[in-house]
Each structure stands twice: as C-alpha cells, then as structure tokens.
>>> print(open('my_file_2.txt').read())   # compact mmCIF, C-alpha atoms and all ligand atoms
# COMPACT_ATOMS: atom_id res chain seq x y z
CA MET T 711 2.55 30.51 -33.69
CA THR T 712 1.82 29.37 -37.22
CA SER T 713 3.00 26.02 -38.54
CA PRO T 714 6.12 26.13 -40.69
CA THR T 715 4.17 25.67 -43.91
CA GLU T 716 1.40 28.23 -43.65
CA ALA T 717 1.70 31.99 -43.93
CA PRO T 718 1.32 33.93 -40.69
CA LYS T 719 -2.28 34.78 -40.07
CA HIS T 720 -1.56 37.98 -38.26
CA VAL T 721 1.28 40.48 -38.43
CA VAL T 722 1.47 43.74 -36.49
CA VAL T 723 3.23 46.40 -38.55
CA GLY T 724 4.57 48.99 -36.11
CA VAL T 725 5.41 52.38 -37.54
CA GLY T 726 8.02 54.60 -35.87
CA GLY T 727 8.43 58.36 -36.16
CA GLY T 728 10.97 58.79 -38.93
CA ILE T 729 11.01 59.95 -42.54
CA ALA T 730 11.06 56.33 -43.71
CA ALA T 731 7.58 55.84 -42.17
CA TYR T 732 6.07 56.27 -45.64
CA LYS T 733 7.79 53.03 -46.71
CA ALA T 734 5.79 51.14 -44.07
CA ILE T 735 2.75 51.77 -46.28
CA GLU T 736 4.31 49.67 -49.03
CA ILE T 737 5.10 46.90 -46.53
CA VAL T 738 1.52 46.82 -45.22
CA ARG T 739 0.22 46.55 -48.78
CA ALA T 740 2.68 43.78 -49.74
CA LEU T 741 1.83 41.70 -46.65
CA VAL T 742 -1.93 42.08 -47.19
CA GLU T 743 -1.39 40.93 -50.79
CA GLN T 744 0.22 37.77 -49.36
CA GLY T 745 -3.04 37.01 -47.54
CA ILE T 746 -1.79 38.17 -44.16
CA PHE T 747 -4.03 39.92 -41.65
CA VAL T 748 -2.17 43.15 -40.94
CA SER T 749 -2.76 45.34 -37.88
CA PRO T 750 -1.03 48.71 -38.24
CA VAL T 751 0.16 50.35 -35.01
CA LEU T 752 1.66 53.85 -35.12
CA THR T 753 3.71 55.56 -32.43
CA PRO T 754 2.50 59.10 -31.63
CA ALA T 755 5.61 60.45 -33.39
CA ALA T 756 4.85 58.43 -36.56
CA LYS T 757 1.66 60.44 -37.00
CA ASN T 758 3.83 63.50 -37.72
CA PHE T 759 5.04 61.74 -40.86
CA VAL T 760 2.13 59.63 -42.13
CA GLY T 761 -1.63 59.63 -41.66
CA GLU T 762 -3.36 56.91 -39.70
CA LEU T 763 -6.08 56.89 -42.33
CA THR T 764 -3.74 55.58 -45.02
CA PHE T 765 -2.81 52.61 -42.83
CA SER T 766 -6.45 51.98 -41.93
CA ALA T 767 -7.35 51.95 -45.62
CA LEU T 768 -4.54 49.57 -46.63
CA GLY T 769 -4.32 47.36 -43.51
CA SER T 770 -6.74 44.59 -42.56
CA GLU T 771 -8.21 46.57 -39.70
CA ALA T 772 -8.20 50.16 -38.48
CA ALA T 773 -4.79 51.54 -37.54
CA ARG T 774 -4.23 52.08 -33.82
CA SER T 775 -1.96 54.39 -31.87
CA GLU T 776 -3.68 54.81 -28.52
CA LEU T 777 -2.99 52.66 -25.49
CA PHE T 778 -5.92 53.93 -23.46
CA SER T 779 -8.72 55.36 -25.58
CA ASP T 780 -9.40 52.50 -28.02
CA GLN T 781 -13.18 51.94 -27.92
CA SER T 782 -13.14 48.69 -29.94
CA THR T 783 -10.57 46.81 -27.83
CA PRO T 784 -10.25 47.74 -24.15
CA ILE T 785 -6.76 46.20 -23.78
CA PRO T 786 -5.33 46.66 -27.29
CA HIS T 787 -1.70 45.78 -26.49
CA THR T 788 -2.49 42.29 -25.16
CA TYR T 789 -5.00 41.68 -27.96
CA LEU T 790 -2.36 42.58 -30.55
CA GLY T 791 0.66 41.05 -28.81
CA GLN T 792 -0.99 37.70 -28.13
CA LYS T 793 -2.63 37.42 -31.54
CA ALA T 794 0.41 38.42 -33.59
CA ASP T 795 2.44 35.70 -35.31
CA ALA T 796 5.12 38.32 -35.90
CA ILE T 797 5.67 42.02 -35.29
CA VAL T 798 7.70 44.17 -37.64
CA VAL T 799 8.71 47.76 -36.85
CA VAL T 800 9.32 50.08 -39.81
CA PRO T 801 11.21 52.31 -39.34
CA THR T 802 12.75 51.54 -35.96
CA THR T 803 14.07 54.88 -34.74
CA ALA T 804 16.95 55.40 -32.30
CA HIS T 805 14.35 56.35 -29.67
CA LEU T 806 12.40 53.14 -30.24
CA LEU T 807 15.61 51.08 -29.96
CA ALA T 808 16.30 52.73 -26.60
CA ARG T 809 12.76 52.19 -25.34
CA LEU T 810 12.78 48.53 -26.39
CA ALA T 811 16.22 47.91 -24.88
CA MET T 812 14.93 49.36 -21.60
CA GLY T 813 11.72 47.32 -21.75
CA LEU T 814 9.56 50.46 -21.66
CA ALA T 815 5.87 50.24 -22.49
CA ASP T 816 4.93 53.90 -22.76
CA ASP T 817 2.84 53.71 -25.91
CA LEU T 818 0.73 51.13 -27.72
CA LEU T 819 3.55 49.83 -29.94
CA THR T 820 6.12 49.24 -27.18
CA ALA T 821 3.44 47.76 -24.90
CA THR T 822 2.38 45.40 -27.71
CA ILE T 823 5.98 44.29 -28.25
CA LEU T 824 6.32 43.48 -24.55
CA ALA T 825 3.04 41.57 -24.67
CA THR T 826 4.14 39.16 -27.41
CA ARG T 827 6.01 35.88 -27.43
CA SER T 828 6.29 35.95 -31.22
CA PRO T 829 9.35 37.06 -33.20
CA VAL T 830 9.93 40.80 -33.48
CA ILE T 831 11.68 42.16 -36.57
CA LEU T 832 13.28 45.58 -36.36
CA ALA T 833 14.14 47.62 -39.46
CA PRO T 834 16.14 50.62 -38.20
CA ALA T 835 16.48 53.85 -40.16
CA MET T 836 18.27 57.00 -39.04
CA HIS T 837 21.15 59.28 -39.94
CA THR T 838 24.64 57.77 -39.84
CA GLU T 839 25.68 59.91 -36.86
CA MET T 840 22.77 58.56 -34.83
CA TRP T 841 23.27 54.93 -35.92
CA GLU T 842 26.95 55.05 -34.99
CA GLN T 843 26.42 56.46 -31.50
CA PRO T 844 27.75 54.02 -28.89
CA SER T 845 24.44 54.29 -27.02
CA VAL T 846 22.50 53.24 -30.12
CA GLN T 847 24.94 50.43 -30.94
CA GLN T 848 24.74 49.19 -27.37
CA ASN T 849 20.94 49.08 -27.56
CA VAL T 850 21.16 47.16 -30.84
CA GLU T 851 23.51 44.68 -29.22
CA VAL T 852 21.23 44.20 -26.22
CA LEU T 853 18.21 43.66 -28.45
CA ARG T 854 20.07 41.26 -30.76
CA SER T 855 21.18 39.21 -27.79
CA ARG T 856 17.56 39.00 -26.66
CA GLY T 857 16.55 37.56 -30.01
CA TYR T 858 15.16 40.58 -31.84
CA ILE T 859 15.75 40.11 -35.54
CA PHE T 860 17.32 43.00 -37.42
CA VAL T 861 16.92 43.79 -41.10
CA GLY T 862 19.30 46.56 -42.13
CA PRO T 863 20.01 49.36 -41.97
CA VAL T 864 21.94 49.62 -45.20
CA ASP T 865 24.32 52.12 -46.77
CA GLY T 866 22.68 54.57 -49.17
CA ALA T 867 20.79 57.81 -49.66
CA LEU T 868 19.41 59.38 -46.48
CA ALA T 869 16.91 62.17 -45.86
CA GLY T 870 18.09 65.72 -46.55
CA GLY T 871 20.42 64.71 -49.38
CA ASP T 872 22.90 62.88 -47.12
CA SER T 873 24.27 59.46 -47.79
CA GLY T 874 25.73 56.74 -45.55
CA MET T 875 24.87 53.87 -43.22
CA GLY T 876 21.42 54.17 -41.72
CA ARG T 877 19.08 53.84 -44.67
CA LEU T 878 16.04 51.59 -44.20
CA ALA T 879 16.53 48.16 -45.78
CA GLU T 880 14.60 47.73 -49.03
CA PRO T 881 10.90 47.05 -48.31
CA GLU T 882 11.16 43.76 -50.28
CA ALA T 883 13.93 42.59 -47.91
CA ILE T 884 11.75 43.42 -44.90
CA VAL T 885 8.73 41.61 -46.37
CA LYS T 886 10.97 38.64 -47.18
CA MET T 887 12.11 38.47 -43.55
CA VAL T 888 8.51 38.57 -42.28
CA LEU T 889 7.65 35.68 -44.62
CA ALA T 890 10.80 33.77 -43.58
CA VAL T 891 9.83 34.18 -39.92
CA SER T 892 6.47 32.66 -40.77
CA LYS T 893 8.25 29.55 -42.04
CA GLY T 894 9.86 29.00 -38.68
CA PHE T 895 12.93 31.18 -39.08
CA SER T 896 13.65 32.81 -35.77
CA GLY T 897 17.16 34.09 -36.19
CA PRO T 898 20.40 33.58 -38.08
CA LEU T 899 21.03 30.24 -36.33
CA SER T 900 17.55 28.99 -37.14
CA GLY T 901 17.65 25.33 -38.18
CA ARG T 902 21.19 24.95 -36.82
CA ARG T 903 22.28 22.66 -34.02
CA VAL T 904 24.84 24.16 -31.64
CA VAL T 905 26.58 22.02 -29.02
CA VAL T 906 28.22 23.90 -26.15
CA SER T 907 30.31 22.44 -23.33
CA ALA T 908 30.55 24.42 -20.10
CA GLY T 909 31.93 24.39 -16.59
CA ALA T 910 34.55 22.35 -14.85
CA THR T 911 34.81 18.57 -14.84
CA LYS T 912 35.32 16.74 -11.56
CA GLU T 913 37.69 13.79 -11.31
CA PRO T 914 37.05 11.59 -8.25
CA LEU T 915 39.90 10.65 -5.99
CA ASP T 916 37.73 8.48 -3.77
CA PRO T 917 33.96 8.39 -3.05
CA VAL T 918 34.04 11.77 -1.22
CA ARG T 919 36.79 13.82 -2.88
CA TYR T 920 37.46 15.10 -6.35
CA LEU T 921 39.83 17.27 -8.37
CA THR T 922 38.23 20.20 -10.16
CA ASN T 923 38.98 23.79 -11.21
CA ARG T 924 37.58 27.28 -10.82
CA SER T 925 35.44 27.45 -13.96
CA SER T 926 31.85 28.48 -13.13
CA GLY T 927 30.37 27.67 -16.54
CA ARG T 928 28.91 31.17 -16.96
CA GLN T 929 30.52 31.90 -20.34
CA GLY T 930 29.37 28.55 -21.73
CA TYR T 931 25.84 29.11 -20.42
CA ALA T 932 25.77 32.56 -22.01
CA LEU T 933 26.83 30.99 -25.33
CA ALA T 934 24.04 28.40 -25.05
CA GLU T 935 21.40 31.03 -24.21
CA VAL T 936 22.41 33.46 -26.93
CA ALA T 937 22.67 30.68 -29.56
CA ALA T 938 19.12 29.64 -28.64
CA ARG T 939 17.91 33.24 -28.88
CA LEU T 940 19.45 33.41 -32.33
CA GLY T 941 17.28 30.44 -33.31
CA ALA T 942 19.59 27.43 -32.81
CA SER T 943 18.58 24.20 -31.15
CA VAL T 944 21.18 23.84 -28.45
CA VAL T 945 22.73 20.96 -26.53
CA LEU T 946 24.52 22.14 -23.39
CA VAL T 947 26.92 19.55 -21.98
CA THR T 948 27.79 20.85 -18.56
CA GLY T 949 29.85 19.98 -15.55
CA SER T 950 28.74 23.14 -13.75
CA ASP T 951 26.53 23.23 -10.71
CA ARG T 952 27.07 26.95 -10.15
CA ALA T 953 25.87 28.79 -13.25
CA VAL T 954 22.19 29.77 -13.36
CA ALA T 955 20.37 27.20 -15.49
CA PRO T 956 19.39 28.56 -18.90
CA ASP T 957 15.81 28.96 -20.03
CA VAL T 958 15.09 25.46 -21.38
CA SER T 959 11.85 26.61 -23.00
CA ARG T 960 14.17 28.12 -25.58
CA ASN T 961 15.19 24.82 -27.10
CA ILE T 962 18.18 24.09 -24.89
CA GLU T 963 18.76 20.46 -23.92
CA ILE T 964 20.92 20.15 -20.83
CA GLN T 965 23.17 17.12 -20.37
CA LYS T 966 24.82 17.02 -16.96
CA VAL T 967 28.20 15.30 -16.75
CA THR T 968 30.82 14.97 -14.05
CA THR T 969 34.08 13.64 -15.44
CA ALA T 970 36.14 14.41 -18.54
CA LEU T 971 35.35 10.95 -19.86
CA GLN T 972 31.58 11.50 -19.51
CA MET T 973 31.94 14.87 -21.19
CA LYS T 974 33.85 13.30 -24.06
CA ARG T 975 31.15 10.64 -24.58
CA ALA T 976 28.32 13.19 -24.53
CA LEU T 977 30.10 15.46 -26.99
CA LEU T 978 31.15 12.73 -29.40
CA ASP T 979 27.53 11.48 -29.40
CA SER T 980 26.24 14.96 -30.26
CA MET T 981 28.96 15.80 -32.78
CA PRO T 982 27.52 14.06 -35.89
CA SER T 983 24.29 16.10 -35.85
CA ALA T 984 25.95 19.39 -34.84
CA ASP T 985 26.62 22.37 -37.08
CA VAL T 986 28.71 24.03 -34.41
CA VAL T 987 30.59 22.72 -31.37
CA ILE T 988 31.92 25.20 -28.82
CA MET T 989 34.29 23.81 -26.17
CA ALA T 990 33.95 26.39 -23.41
CA ALA T 991 34.37 23.76 -20.66
CA ALA T 992 37.45 23.68 -18.47
CA VAL T 993 38.26 20.00 -18.78
CA ALA T 994 40.57 18.47 -16.19
CA ASP T 995 43.82 17.42 -17.82
CA TYR T 996 44.31 14.59 -15.32
CA THR T 997 42.16 12.03 -13.62
CA PHE T 998 42.85 9.17 -11.21
CA GLU T 999 42.13 5.54 -10.71
CA ALA T 1000 39.65 6.47 -7.95
CA ALA T 1001 39.95 4.57 -4.70
CA PRO T 1002 36.81 2.47 -4.10
CA GLU T 1003 36.69 3.43 -0.40
CA LYS T 1004 37.32 6.72 1.40
CA LEU T 1005 41.05 7.36 1.80
CA LYS T 1006 41.95 7.54 5.49
CA LYS T 1007 44.24 10.16 6.97
CA GLY T 1008 45.93 7.53 9.09
CA ASP T 1009 47.20 5.85 5.92
CA GLY T 1010 49.37 8.89 5.14
CA PRO T 1011 49.24 11.37 2.21
CA PRO T 1012 47.54 9.73 -0.77
CA ASN T 1013 49.66 9.10 -3.79
CA PRO T 1014 47.17 8.25 -6.53
CA GLN T 1015 48.27 7.52 -10.03
CA TRP T 1016 47.61 10.57 -12.23
CA LEU T 1017 46.23 9.59 -15.63
CA GLU T 1018 45.96 11.97 -18.58
CA THR T 1019 42.38 12.64 -19.74
CA PRO T 1020 41.59 12.56 -23.46
CA ASP T 1021 41.90 15.87 -25.30
CA ILE T 1022 38.22 16.13 -26.22
CA LEU T 1023 38.65 19.13 -28.48
CA ALA T 1024 41.34 17.40 -30.51
CA GLU T 1025 39.08 14.36 -30.92
CA LEU T 1026 36.16 16.55 -31.99
CA VAL T 1027 38.35 18.20 -34.64
CA GLN T 1028 39.35 14.75 -35.89
CA GLN T 1029 35.66 13.81 -36.30
CA LYS T 1030 34.75 17.12 -37.92
CA THR T 1031 33.10 16.91 -41.33
CA ALA T 1032 32.73 19.59 -44.03
CA GLY T 1033 30.49 22.44 -42.99
CA GLN T 1034 30.93 21.94 -39.24
CA VAL T 1035 32.50 24.71 -37.18
CA VAL T 1036 34.54 23.88 -34.07
CA VAL T 1037 35.44 26.57 -31.54
CA GLY T 1038 37.91 26.17 -28.68
CA PHE T 1039 38.77 28.27 -25.66
CA ALA T 1040 42.18 28.89 -24.15
CA ALA T 1041 42.44 29.84 -20.50
CA GLU T 1042 45.87 31.36 -19.99
CA THR T 1043 47.64 33.29 -17.27
CA THR T 1044 50.86 34.23 -19.11
CA ASP T 1045 51.78 35.06 -22.73
CA VAL T 1046 48.08 34.83 -23.47
CA LEU T 1047 48.18 35.53 -27.20
CA SER T 1048 51.19 33.45 -28.14
CA ASN T 1049 50.03 30.49 -26.04
CA ALA T 1050 46.55 30.78 -27.52
CA ARG T 1051 47.85 31.01 -31.08
CA ALA T 1052 49.94 27.87 -30.56
CA LYS T 1053 46.86 26.11 -29.14
CA MET T 1054 44.75 27.12 -32.13
CA VAL T 1055 47.28 25.60 -34.53
CA LYS T 1056 47.86 22.48 -32.43
CA LYS T 1057 44.15 21.76 -31.95
CA GLY T 1058 43.13 22.68 -35.52
CA VAL T 1059 40.03 24.69 -34.50
CA ASP T 1060 38.16 27.21 -36.67
CA LEU T 1061 38.11 29.82 -33.91
CA LEU T 1062 39.94 30.04 -30.62
CA ILE T 1063 38.73 32.32 -27.85
CA ALA T 1064 41.63 33.41 -25.66
CA ASN T 1065 40.86 34.23 -22.07
CA ASP T 1066 43.28 35.90 -19.63
CA VAL T 1067 42.19 34.20 -16.42
CA SER T 1068 44.81 35.95 -14.30
CA ASP T 1069 42.62 39.10 -14.25
CA PRO T 1070 40.05 38.65 -11.44
CA SER T 1071 37.65 41.25 -12.92
CA ILE T 1072 37.05 38.94 -15.88
CA GLY T 1073 37.18 35.21 -16.38
CA PHE T 1074 36.31 32.68 -13.68
CA ASP T 1075 32.95 33.27 -12.04
CA SER T 1076 32.71 36.96 -12.93
CA ALA T 1077 29.77 38.41 -14.82
CA ASP T 1078 32.09 39.99 -17.39
CA ASN T 1079 34.71 38.75 -19.73
CA ALA T 1080 37.25 40.17 -22.18
CA VAL T 1081 38.65 37.88 -24.85
CA THR T 1082 40.63 37.82 -28.06
CA ILE T 1083 39.13 35.89 -30.95
CA LEU T 1084 41.77 34.10 -33.00
CA SER T 1085 41.18 32.48 -36.34
CA PRO T 1086 43.64 30.90 -38.78
CA SER T 1087 42.70 33.41 -41.50
CA ASP T 1088 42.08 36.74 -39.73
CA GLU T 1089 43.96 39.10 -37.47
CA PRO T 1090 43.31 38.61 -33.72
CA PHE T 1091 40.21 40.50 -32.65
CA TYR T 1092 40.16 41.90 -29.12
CA LEU T 1093 36.78 42.24 -27.41
CA GLU T 1094 36.87 44.71 -24.57
CA ARG T 1095 35.46 43.90 -21.18
CA SER T 1096 31.69 43.40 -21.39
CA SER T 1097 29.01 40.99 -20.18
CA LYS T 1098 29.43 37.30 -20.95
CA ASP T 1099 26.19 37.54 -22.99
CA SER T 1100 27.68 40.26 -25.11
CA ILE T 1101 30.91 38.27 -25.61
CA ALA T 1102 28.78 35.25 -26.55
CA LEU T 1103 26.96 37.28 -29.18
CA GLN T 1104 30.23 38.47 -30.72
CA VAL T 1105 31.63 34.94 -30.82
CA LEU T 1106 28.42 33.59 -32.37
CA THR T 1107 28.39 36.39 -34.95
CA ARG T 1108 31.77 35.09 -36.15
CA VAL T 1109 30.50 31.53 -36.09
CA ILE T 1110 27.56 32.59 -38.26
CA SER T 1111 29.92 34.17 -40.83
CA LEU T 1112 31.90 30.92 -40.94
CA LEU T 1113 28.72 28.88 -41.45
CA LEU T 1114 27.65 31.18 -44.27
CA LYS T 1115 31.11 30.92 -45.88
CA GLU T 1116 30.91 27.13 -45.70
CA LYS T 1117 27.56 27.28 -47.50
CA ALA T 1118 28.74 29.68 -50.23
N1 LIG V 1 40.13 20.74 -23.71
C1 LIG V 1 39.61 19.52 -24.04
N2 LIG V 1 40.01 18.38 -23.40
C2 LIG V 1 40.96 18.46 -22.44
C3 LIG V 1 41.52 19.71 -22.09
C4 LIG V 1 41.09 20.85 -22.76
O1 LIG V 1 38.75 19.44 -24.91
N3 LIG V 1 41.35 17.36 -21.82
C5 LIG V 1 39.68 21.93 -24.46
C6 LIG V 1 39.08 23.05 -23.63
O2 LIG V 1 37.68 22.89 -23.49
C7 LIG V 1 39.41 24.28 -24.42
C8 LIG V 1 40.73 23.92 -25.09
O3 LIG V 1 40.81 22.49 -25.09
O4 LIG V 1 38.46 24.54 -25.43
C9 LIG V 1 41.94 24.47 -24.40
O5 LIG V 1 41.89 24.14 -23.04
P1 LIG V 1 43.04 24.62 -22.05
O6 LIG V 1 42.76 24.07 -20.69
O7 LIG V 1 43.24 26.10 -22.20
O8 LIG V 1 44.31 23.94 -22.68
P2 LIG V 1 44.92 22.51 -22.61
O9 LIG V 1 44.68 21.81 -23.90
O10 LIG V 1 44.47 21.79 -21.39
O11 LIG V 1 46.47 22.87 -22.52
P3 LIG V 1 47.31 23.49 -21.26
O12 LIG V 1 46.67 22.93 -20.01
O13 LIG V 1 48.68 22.99 -21.49
O14 LIG V 1 47.21 24.98 -21.36
>>> encode(input="my_file_2.txt", output="structure tokens")
Amino acid sequence: MTSPTEAPKHVVVGVGGGIAAYKAIEIVRALVEQGIFVSPVLTPAAKNFVGELTFSALGSEAARSELFSDQSTPIPHTYLGQKADAIVVVPTTAHLLARLAMGLADDLLTATILATRSPVILAPAMHTEMWEQPSVQQNVEVLRSRGYIFVGPVDGALAGGDSGMGRLAEPEAIVKMVLAVSKGFSGPLSGRRVVVSAGATKEPLDPVRYLTNRSSGRQGYALAEVAARLGASVVLVTGSDRAVAPDVSRNIEIQKVTTALQMKRALLDSMPSADVVIMAAAVADYTFEAAPEKLKKGDGPPNPQWLETPDILAELVQQKTAGQVVVGFAAETTDVLSNARAKMVKKGVDLLIANDVSDPSIGFDSADNAVTILSPSDEPFYLERSSKDSIALQVLTRVISLLLKEKA
C-alpha cells in the first residue's frame, strides 16, 4: 500500500460490459495525468462496447482481458492484484456484482480482484429495473459489508433515452474516490474511532460461581467487524467467550472484561477518543459482594446482597461531547417498541436498536437478527430478519449519516 501522502503508484482500471464502458476511457486518462501507473483490464463482455486498443494507447501498459493466454505475464491476475494500490471497476454491471458477491474468478478481472488486498472501488451502472432487483441489492449489501467501496450509481439519463437511478457516477467523482483511497481512505468510517461493547458481563458470587445472561456477543462482534471493514479503527470491549473472534488484522483492538464495573472502566477510558460508541453488551443490572471463599451447600441457600451495577450507557451519554454518536440496544420480551422508545428517551441516546429477544429465531446466539432502529428525530425503522452482519451494516449506515450531519 502507498503511504498516506503519496499518490498510488499503480491502479487497475477494470472495465465491465455495459454502455458506460466508454467513460472508463476518460477515467484511465485522468488517472494517468495524475502520474498514476494504470493497468486496464477488460472483461470479455466489455470488448463488445470498447476496443482494447484504446485502453492500451491511453493506459500505462497494454490492456489485458485474458486469464490464460497472456504471453508477457504468465500469471497476470496475481501480478496485477498484488501490485495494485487500488482497483476501480467502471462500469460495474449487475453480472459483475453477482460474480464478485459469489467470489467467482472466471475471468481476468474477477480473478485479479480476488488476488488483491488493496481497496476495490465499484462504480455500478445499469438500468433502474436491474439496479432495484432484490438480487442486485442483496449483492451490493454483501459487497459493502465486505468493505468494497461504492461510488454511485446516481439518478439521471440512462442508455436508450430512459432516465432514473442507475446512471454511472460522474467520472470526476470516481477519480476523486481513487485519489482519496490513495490518501488512506478505505471507507466511509475511515479516520473514525468506533467503540463497541459486546456480550454478557459476569458477576461473581464466589470464586467458582457467577451471574450472567444469554447474550453471545455475536451482534456486537458483527458491528465491530463491519465498522472495521468500513474503515474505522475499532475498540471491542467484550465480555463474550462464545462469539468467534473478529479479524484483528483489520484494526480491531479487543479488550476482554468480565464484570460490569470492568466494562464501565474500559468504555469510559475509550470514550474521549471515540467518534461512535455502540453499547451492544448485555450488562448485568446487579452484582454482589462476592464471597472470598467457595459457598458451601451445608451452609444453606446463599443470600448475597444484590447491588445495582452502574448504568454504563447513561454515564457515557453524560460524558458525550459534540460530534460523538452514542448508540444503545434494548433487549425486550414484551411491548418491545414502547419499552424501547421509553429507554431511548430515558438514556438520551442518538439511536436505539430494539431487539425482541423472545423470538428464538433471532436474538441471543442466533446467526440472524431483526431489529427496529429508533431515533429521536425519525420514524421507527424496522429491519427484517437477516444476518447480524447485514443488521450491523444498516445500523452503521445510520451512524454514518449522523456523523455527516454533525459535521455539516
Ligand atoms: N446498559 C448499560 N449498563 C447497564 C445496563 C444496561 O450500559 N447496567 C445498556 C445496554 O448495553 C443497552 C442499554 O443499556 O445498550 C439497554 O439495556 P437493557 O438491558 O435493555 O435495559 P436496562 O437499562 O438494563 O433496563 P431494563 O433491565 O429495565 O430493561
């Protein structure tokens, strides 16, 4: 990867098979003018719309489209994928979105994208009907959650005299994104610090027993992972020992805690440098003065003194400064929306994610979730049952809008 101050040395411009392919020519030219080494890669379908020769003439090296018969480089996809500081695909067709979402590598461009660790920018263009298909939208969602960066599409004139959503973003906007990526931008949360709490706390009763709850931590872990994929540096304060550890190479610092008090300390320490704090943890509401020695059955049923734990979320909101976004969760089993709304007001959060934990197909320890996002200013927004990653992306999308509003 290039350092944040220098321009990328090498950008692969992938060209998909759509009418907007001719606009990729302008993008190649603009990037070369910025001193960037540009390798054009066409899909076989792209060659129906534009000639390889044009890209060879304007790019920094000959355009490629073949995975197997390239005489100059025997393994072109690894050469290109490893060398690229960024890959941009113009236009990204519905078919390309599907192939990328599936992880297919059936031509040089898709194989190159799989062979890179650098940011990939997708600029989709297609007719509105295609863009709005649930299958296409689902692929977009999957790719976004994996960290692909989207530019456009936008609303405007389409091929064949039509008009609507699906037009390629302006070439200048695409070039701007490639240059931004070169400065270290890797997603809409780039440069932001996101603190996420996850899992259950454990409150010791004696040296061998504790009080805990059914939270697995999976939703919090999904939030941490997706925030990191969107470019954030993430602190994950977790009481969970059940959720699969996130990929720490993605800028996620894990702080393991056990009790509510430890969780409070870790979060209050991280709060001043955070842009966003998301309290997905299921914090015990009570703790005990733990017995120093194991309680013995012969001594009769224990009767420890129950002590209220601090309301961490409320304390975080008290410490909140301008520009910070604080998100709470509400796990409810009855009157979910009205209880959650009351909690949002009482705790003073910017967003509250209401979870119906009485439904076993969602919530605790399941792979899926279904939530309602509440905010003081908008109508409740119900997110249908989907993966916890997908819920995380939707929540973070709203967080991003709040951060942008704060900046405006
Ligand atoms: N929370 C917290 N500290 C606590 C208890 C809860 O920070 N001691 C946070 C949770 O992480 C969550 C939100 O507050 O983001 C709501 O948690 P929930 O358990 O649903 O509500 P409680 O405040 O505990 O209220 P109740 O148990 O009465 O529903």
>>> atom_distance(input="my_file_2.txt", atom1="CA of Leu1112 (chain T)", atom2="CA of Leu933 (chain T)")
16.4 Å
>>> closest_residue(input="my_file_2.txt", among="T:Leu1061, T:Val1109, T:Val799, T:Leu777", to="Asp985 (chain T)", atoms="only C-alpha atoms")
T:Val1109
>>> residues_near_ligand(input="my_file_2.txt", ligand="ligand LIG 1 (chain V)", cutoff="8 Å", atoms="all atoms listed in the file", output="PyMOL selection string")
chain T and resi 907+970+974+988-996+1018-1025+1037-1042+1049-1050+1053+1057+1062
>>> closest_residue(input="my_file_2.txt", among="T:Ala1052, T:Val830, T:Ala796, T:Leu807", to="Glu851 (chain T)", atoms="all atoms listed in the file")
T:Leu807
>>> closest_residue(input="my_file_2.txt", among="T:Thr753, T:Pro834, T:Phe1074, T:Val904", to="Ala815 (chain T)", atoms="only C-alpha atoms")
T:Thr753
>>> atom_distance(input="my_file_2.txt", atom1="CA of Val944 (chain T)", atom2="CA of Arg924 (chain T)")
24.3 Å
>>> atom_distance(input="my_file_2.txt", atom1="CA of Glu963 (chain T)", atom2="CA of Ala1102 (chain T)")
18.1 Å
>>> closest_atom_pairs(input="my_file_2.txt", of="region 929-1029 of chain T", to="region 1083-1098 of chain T", cutoff="9 Å", atoms="all atoms listed in the file", output="Markdown table")
| residue | atom | partner | partner_atom | distance |
| --- | --- | --- | --- | --- |
| T:Gln929 | CA | T:Lys1098 | CA | 5.5 |
| T:Gly930 | CA | T:Lys1098 | CA | 8.8 |
| T:Tyr931 | CA | T:Lys1098 | CA | 9.0 |
| T:Ala932 | CA | T:Lys1098 | CA | 6.1 |
| T:Leu933 | CA | T:Lys1098 | CA | 8.1 |
>>> closest_atom_pairs(input="my_file_2.txt", of="region 795-829 of chain T", to="region 720-726 of chain T", cutoff="8 Å", atoms="all atoms listed in the file", output="JSON lines")
{"residue": "T:Asp795", "atom": "CA", "partner": "T:His720", "partner_atom": "CA", "distance": 5.5}
{"residue": "T:Ala796", "atom": "CA", "partner": "T:Val721", "partner_atom": "CA", "distance": 5.1}
{"residue": "T:Ile797", "atom": "CA", "partner": "T:Val722", "partner_atom": "CA", "distance": 4.7}
{"residue": "T:Val798", "atom": "CA", "partner": "T:Val723", "partner_atom": "CA", "distance": 5.1}
{"residue": "T:Val799", "atom": "CA", "partner": "T:Gly724", "partner_atom": "CA", "distance": 4.4}
{"residue": "T:Val800", "atom": "CA", "partner": "T:Val725", "partner_atom": "CA", "distance": 5.1}
{"residue": "T:Pro801", "atom": "CA", "partner": "T:Gly726", "partner_atom": "CA", "distance": 5.2}
{"residue": "T:Thr802", "atom": "CA", "partner": "T:Gly726", "partner_atom": "CA", "distance": 5.6}
{"residue": "T:Thr803", "atom": "CA", "partner": "T:Gly726", "partner_atom": "CA", "distance": 6.2}
{"residue": "T:Leu806", "atom": "CA", "partner": "T:Gly726", "partner_atom": "CA", "distance": 7.3}
{"residue": "T:Leu819", "atom": "CA", "partner": "T:Gly724", "partner_atom": "CA", "distance": 6.3}
>>> closest_residue(input="my_file_2.txt", among="T:Asp1060, T:Asp916, T:Asp1078, T:Glu935", to="Lys1006 (chain T)", atoms="all atoms listed in the file")
T:Asp916
>>> closest_residue(input="my_file_2.txt", among="T:Met836, T:Ala1032, T:Ala938, T:Val1059", to="Asp872 (chain T)", atoms="only C-alpha atoms")
T:Met836
>>> decode(input="my_file_2.txt", residues="region 828-855 of chain T", atoms="C-alpha atoms", output="short mmCIF file (atom, residue, chain, number, x, y, z; two decimals), in the first residue's frame")
data_model
loop_
_atom_site.label_atom_id
_atom_site.label_comp_id
_atom_site.auth_asym_id
_atom_site.auth_seq_id
_atom_site.Cartn_x
_atom_site.Cartn_y
_atom_site.Cartn_z
CA SER T 828 -5.96 -3.35 -1.70
CA PRO T 829 -9.20 -1.35 -1.72
CA VAL T 830 -11.64 -2.09 -4.53
CA ILE T 831 -13.92 0.70 -5.75
CA LEU T 832 -17.06 -0.26 -7.64
CA ALA T 833 -18.93 2.21 -9.86
CA PRO T 834 -22.16 0.45 -10.87
CA ALA T 835 -24.17 1.41 -13.93
CA MET T 836 -27.31 -0.30 -15.21
CA HIS T 837 -30.98 0.33 -15.90
CA THR T 838 -33.18 1.19 -12.92
CA GLU T 839 -35.10 -2.09 -13.15
CA MET T 840 -31.87 -4.05 -12.86
CA TRP T 841 -30.44 -1.89 -10.04
CA GLU T 842 -33.62 -2.26 -8.00
CA GLN T 843 -33.82 -6.05 -8.26
CA PRO T 844 -33.62 -7.59 -4.78
CA SER T 845 -30.89 -9.94 -6.04
CA VAL T 846 -28.76 -7.00 -7.17
CA GLN T 847 -29.40 -5.04 -3.97
CA GLN T 848 -28.50 -8.08 -1.90
CA ASN T 849 -25.21 -8.43 -3.77
CA VAL T 850 -24.48 -4.74 -3.19
CA GLU T 851 -25.16 -5.21 0.51
CA VAL T 852 -22.89 -8.24 0.74
CA LEU T 853 -20.09 -6.43 -1.07
CA ARG T 854 -20.48 -3.27 1.04
CA SER T 855 -20.29 -5.31 4.21
#
